[in-house]
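Colleague: Just dropping this structure here.
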Amino acid sequence: MDALAGLLEGPRARGAFMIRACFDPPWAVRVEDRAPLTVMLMVRGGAWIVPDTGEWLRLRAGDLAIARGPDPYVCADDPGTAPQAVILPGGACSYPDGRPLNGSMDLGVRTWGDRADGEAVLLIGTYLVRGEIGGRLLDALPPLLSLTSQAWDNPLTPLLMTEVTRDEPGQEVVLDRLLDLLVIAALRAWFARPSAEAPAWYRALGDPVVGRALRLLQDDPAHPWTVASLAAEAGVSRAALARRFTDLVGEPPMGYLTGWRLALAADRLRDSEDTLGAIARQVGYGSAFALSTAFKRAYGISPQEYRVPAPAPAPA
């Protein structure tokens, strides 16, 4: 598996929140949904994305932005426009004073805003659960990134515009897969930029020694690796590998391996019906108990709680 494929294989939306938002100026919406990842594709007109901290981002027709949660932000026609609505967890909407909108901005199937033919039209797709996006991918992204229409060729916009307003059996699954494709295509283009700020482990793959060790860990995480066995494979001493790996990746080899194993286990908990014991063997743990202990230490919850997350509270 190449590094980029390993990084991008994570997006797997399940019942993602996807809408076509249509507005006439002045308009502004504050987003407080705490979603792990949201994609905003500007179809017509323009918009500003204004986070509570950090630089503002301008979107023009054809541009795409990706916001990494959970920090809130405002999407508006102008940075000075006061929000008219607030998006809350689970797709609930309210006025800024807390009163529920009660569907007053609904415009039809997955369409929301002022009028269906508004001056500004955005396609918005939101992953609702962190497990639908690999943790390593989220950690590799800045809070807010964008691609201009000149920076990438996006063939998915017409298809998304056609599909998002359909109300047919299985449509949710179609939209989930299209959202995954959009994210993967956008991030592939973003990481390919000359100025891309890729994570340290990604850059380290270019090192002849550390890159060899990283590929071994990524390709065969279930192997009983030690620093000594990795060093032998890489053709250097144990001390040299440990020092060089830590300098380039930012953590020791065994620390990286633990994180990689647990990330794979998290994906398989959500994407398969394998038992915890089977997953433990697949990712290099000797027993379900050993995996459960390490998983809870890293994620703060048990594998079972991760596999079947508690339902989101109903909006007030």
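Residues in the structure tokens are named by chain (A, B, ... in the order shown) and by number from 1 within that chain; ligands are numbered from 1 in the order shown.
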Per DSSP on the backbone, what are the strand (DSSP E or B) residues of segment 138-202 of chain A, as a count of residues only?
Modeller: 4
Colleague: I want to know what sits within 9 Å of Leu214 of chain A, based on only C-alpha atoms, with residues of the same chain fewer than 3 positions away left out; could you give that as a ChimeraX atom specification?
Modeller: /A:201,204-205,209-211,217-219,245,253,256-257
Colleague: In Å, with one decimal, what is the gap from atom CA of Val121 of chain A to atom CA of Asp24 of chain A?
Modeller: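 Between these atoms lies a distance of 9.1 Å.
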Colleague: Step one, run DSSP on the backbone; step two, keep only residues of segment 103-295 of chain A assigned to alpha helix (DSSP H); then write them as a short mmCIF file (atom, residue, chain, number, x, y, z; two decimals) with C-alpha atoms, in the first residue's frame.
Modeller:
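Once everything was written out, this is result.cif:
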```cif
data_model
loop_
_atom_site.label_atom_id
_atom_site.label_comp_id
_atom_site.auth_asym_id
_atom_site.auth_seq_id
_atom_site.Cartn_x
_atom_site.Cartn_y
_atom_site.Cartn_z
CA GLY A 135 -7.75 9.55 12.70
CA ARG A 136 -4.42 9.70 10.88
CA LEU A 137 -6.11 11.61 8.07
CA LEU A 138 -7.76 14.10 10.42
CA ASP A 139 -4.48 14.63 12.25
CA ALA A 140 -2.78 15.36 8.92
CA THR A 157 -19.89 18.68 -9.27
CA PRO A 158 -22.52 18.03 -11.99
CA LEU A 159 -23.14 14.52 -10.70
CA LEU A 160 -23.51 15.72 -7.11
CA MET A 161 -25.87 18.50 -8.15
CA THR A 162 -28.04 15.95 -9.94
CA GLU A 163 -28.00 13.34 -7.20
CA GLN A 171 -30.04 7.40 -2.54
CA GLU A 172 -28.37 7.85 0.82
CA VAL A 173 -25.78 5.23 -0.05
CA VAL A 174 -25.13 6.86 -3.45
CA LEU A 175 -24.52 10.22 -1.78
CA ASP A 176 -22.26 8.67 0.85
CA ARG A 177 -20.04 7.15 -1.81
CA LEU A 178 -19.98 10.36 -3.86
CA LEU A 179 -18.97 12.31 -0.77
CA ASP A 180 -16.13 9.84 -0.14
CA LEU A 181 -14.96 10.23 -3.74
CA LEU A 182 -15.09 14.02 -3.49
CA VAL A 183 -13.01 14.04 -0.32
CA ILE A 184 -10.44 11.61 -1.68
CA ALA A 185 -10.09 13.50 -4.98
CA ALA A 186 -9.77 16.84 -3.20
CA LEU A 187 -7.21 15.65 -0.67
CA ARG A 188 -5.17 13.89 -3.31
CA ALA A 189 -4.96 17.21 -5.16
CA TRP A 190 -4.21 19.07 -1.93
CA PHE A 191 -1.37 16.77 -0.88
CA ALA A 200 5.96 14.21 9.38
CA TRP A 201 5.55 10.46 8.83
CA TYR A 202 4.46 11.13 5.23
CA ARG A 203 7.54 13.22 4.51
CA ALA A 204 9.71 10.64 6.26
CA VAL A 210 13.06 5.53 7.89
CA GLY A 211 10.93 5.14 4.78
CA ARG A 212 11.86 1.46 4.61
CA ALA A 213 10.92 0.98 8.27
CA LEU A 214 7.63 2.83 7.88
CA ARG A 215 6.60 0.74 4.90
CA LEU A 216 7.35 -2.45 6.80
CA LEU A 217 5.19 -1.33 9.71
CA GLN A 218 2.35 -0.17 7.47
CA ASP A 219 2.36 -3.24 5.23
CA VAL A 227 13.36 -1.92 16.89
CA ALA A 228 16.15 -4.46 16.39
CA SER A 229 14.29 -6.38 13.66
CA LEU A 230 13.32 -3.15 11.89
CA ALA A 231 16.90 -1.92 12.06
CA ALA A 232 18.14 -5.18 10.54
CA GLU A 233 15.68 -4.83 7.66
CA ALA A 234 16.71 -1.20 7.13
CA ARG A 238 19.18 -0.25 16.44
CA ALA A 239 20.30 3.05 17.97
CA ALA A 240 20.66 4.74 14.59
CA LEU A 241 17.16 3.72 13.49
CA ALA A 242 15.57 4.75 16.78
CA ARG A 243 17.22 8.17 16.66
CA ARG A 244 16.57 8.83 12.98
CA PHE A 245 12.98 7.56 13.11
CA THR A 246 12.14 9.73 16.12
CA ASP A 247 13.76 12.80 14.56
CA LEU A 248 11.86 12.48 11.27
CA VAL A 249 8.50 11.05 12.38
CA PRO A 253 9.14 3.30 16.00
CA MET A 254 7.16 1.26 18.55
CA GLY A 255 5.01 4.27 19.42
CA TYR A 256 4.18 4.73 15.75
CA LEU A 257 3.40 1.02 15.40
CA THR A 258 1.02 1.13 18.35
CA GLY A 259 -0.87 4.08 16.88
CA TRP A 260 -1.03 2.42 13.46
CA ARG A 261 -2.32 -0.86 14.90
CA LEU A 262 -5.01 0.91 16.92
CA ALA A 263 -6.07 3.03 13.94
CA LEU A 264 -6.48 -0.12 11.86
CA ALA A 265 -8.42 -1.76 14.68
CA ALA A 266 -10.72 1.27 14.91
CA ASP A 267 -11.45 1.09 11.18
CA ARG A 268 -12.20 -2.62 11.34
CA LEU A 269 -14.46 -2.22 14.34
CA ARG A 270 -16.65 0.07 12.26
CA ASP A 271 -16.24 -1.59 8.87
CA LEU A 276 -12.50 -8.42 18.78
CA GLY A 277 -10.23 -11.46 18.98
CA ALA A 278 -10.03 -11.69 15.19
CA ILE A 279 -9.28 -7.99 14.87
CA ALA A 280 -6.62 -8.28 17.57
CA ARG A 281 -4.84 -10.98 15.57
CA GLN A 282 -5.15 -8.98 12.35
CA VAL A 283 -3.42 -5.92 13.82
CA ALA A 288 -8.82 -9.40 22.64
CA PHE A 289 -8.00 -8.31 26.20
CA ALA A 290 -4.64 -6.85 25.17
CA LEU A 291 -6.23 -4.93 22.30
CA SER A 292 -9.10 -3.72 24.48
CA THR A 293 -6.72 -2.42 27.13
CA ALA A 294 -4.55 -0.55 24.61
CA PHE A 295 -7.58 0.76 22.73
#
```
Colleague: Between A:Trp48, A:Trp27, A:Tyr95, A:Phe17, single out the one closest to Pro79 of chain A, counting only C-alpha atoms.
Modeller: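 Residue with the minimum atom-to-atom distance to Pro79 of chain A: A:Trp48.
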Colleague: Got a sec: who's within 12 Å of Trp56 of chain A, counting only C-alpha atoms, leaving out chain neighbours fewer than 6 positions off, as a list of chain:residue names?
Modeller: A:Ala47, A:Trp48, A:Ile49, A:Val50, A:Ala65, A:Ala67, A:Tyr73, A:Val74, A:Cys75, A:Ala76, A:Asp78, A:Pro79, A:Gly80, A:Pro143, A:Leu144, A:Leu145, A:Ser146
Colleague: Using only C-alpha atoms, which protein or nucleic acid residues come within 9 Å of Met105 of chain A? Drop anything in the same chain fewer than 5 positions from it, and give the result as an mmCIF file with all heavy atoms, in the first residue's frame.
Modeller:
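Output below, filename around39.cif:
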```cif
data_model
loop_
_atom_site.group_PDB
_atom_site.id
_atom_site.type_symbol
_atom_site.label_atom_id
_atom_site.label_comp_id
_atom_site.auth_asym_id
_atom_site.auth_seq_id
_atom_site.Cartn_x
_atom_site.Cartn_y
_atom_site.Cartn_z
ATOM 1 N N THR A 111 -32.486 20.377 0.261
ATOM 2 C CA THR A 111 -32.252 21.763 -0.173
ATOM 3 C C THR A 111 -32.718 22.690 0.934
ATOM 4 O O THR A 111 -33.794 22.506 1.495
ATOM 5 C CB THR A 111 -33.001 22.071 -1.476
ATOM 6 O OG1 THR A 111 -32.615 21.128 -2.481
ATOM 7 C CG2 THR A 111 -32.694 23.472 -1.966
ATOM 8 N N TRP A 112 -31.901 23.700 1.211
ATOM 9 C CA TRP A 112 -32.136 24.531 2.400
ATOM 10 C C TRP A 112 -31.654 25.939 2.123
ATOM 11 O O TRP A 112 -30.697 26.150 1.393
ATOM 12 C CB TRP A 112 -31.361 23.911 3.568
ATOM 13 C CG TRP A 112 -31.602 24.500 4.911
ATOM 14 C CD1 TRP A 112 -32.637 24.250 5.760
ATOM 15 C CD2 TRP A 112 -30.742 25.414 5.613
ATOM 16 N NE1 TRP A 112 -32.492 24.944 6.931
ATOM 17 C CE2 TRP A 112 -31.334 25.675 6.865
ATOM 18 C CE3 TRP A 112 -29.541 26.044 5.291
ATOM 19 C CZ2 TRP A 112 -30.777 26.536 7.801
ATOM 20 C CZ3 TRP A 112 -28.965 26.904 6.218
ATOM 21 C CH2 TRP A 112 -29.590 27.137 7.453
ATOM 22 N N GLY A 113 -32.351 26.918 2.659
ATOM 23 C CA GLY A 113 -31.908 28.291 2.519
ATOM 24 C C GLY A 113 -33.032 29.263 2.234
ATOM 25 O O GLY A 113 -34.142 29.125 2.752
ATOM 26 N N ASP A 114 -32.744 30.274 1.375
ATOM 27 C CA ASP A 114 -33.701 31.342 1.080
ATOM 28 C C ASP A 114 -34.619 30.974 -0.078
ATOM 29 O O ASP A 114 -35.833 31.086 0.015
ATOM 30 C CB ASP A 114 -32.941 32.629 0.739
ATOM 31 C CG ASP A 114 -32.110 33.131 1.908
ATOM 32 O OD1 ASP A 114 -32.565 32.970 3.061
ATOM 33 O OD2 ASP A 114 -31.005 33.667 1.670
ATOM 34 N N ARG A 115 -34.027 30.571 -1.216
ATOM 35 C CA ARG A 115 -34.807 30.130 -2.377
ATOM 36 C C ARG A 115 -33.938 29.214 -3.213
ATOM 37 O O ARG A 115 -32.712 29.338 -3.233
ATOM 38 C CB ARG A 115 -35.310 31.320 -3.200
ATOM 39 C CG ARG A 115 -34.228 32.203 -3.805
ATOM 40 C CD ARG A 115 -34.807 33.424 -4.510
ATOM 41 N NE ARG A 115 -33.756 34.278 -5.044
ATOM 42 C CZ ARG A 115 -33.283 34.219 -6.288
ATOM 43 N NH1 ARG A 115 -33.798 33.348 -7.133
ATOM 44 N NH2 ARG A 115 -32.321 35.031 -6.699
#
```
Colleague: Between A:Pro252, A:Gly98, A:Pro70, A:Pro208, which one has atoms that come closest to Glu32 of chain A, using only C-alpha atoms?
Modeller: A:Pro70
Colleague: Which polymer residues have any atom within 8 Å of an atom of Arg44 of chain A, counting only C-alpha atoms, with same-chain residues fewer than 6 positions away left out, as a ChimeraX atom specification?
Modeller: /A:60-62,119-122
Colleague: One number please: atom CA of Ala116 of chain A to atom CA of Cys93 of chain A, in Å, one decimal.
Modeller: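 About the pair atom CA of Ala116 of chain A and atom CA of Cys93 of chain A: they are 18.2 Å apart.
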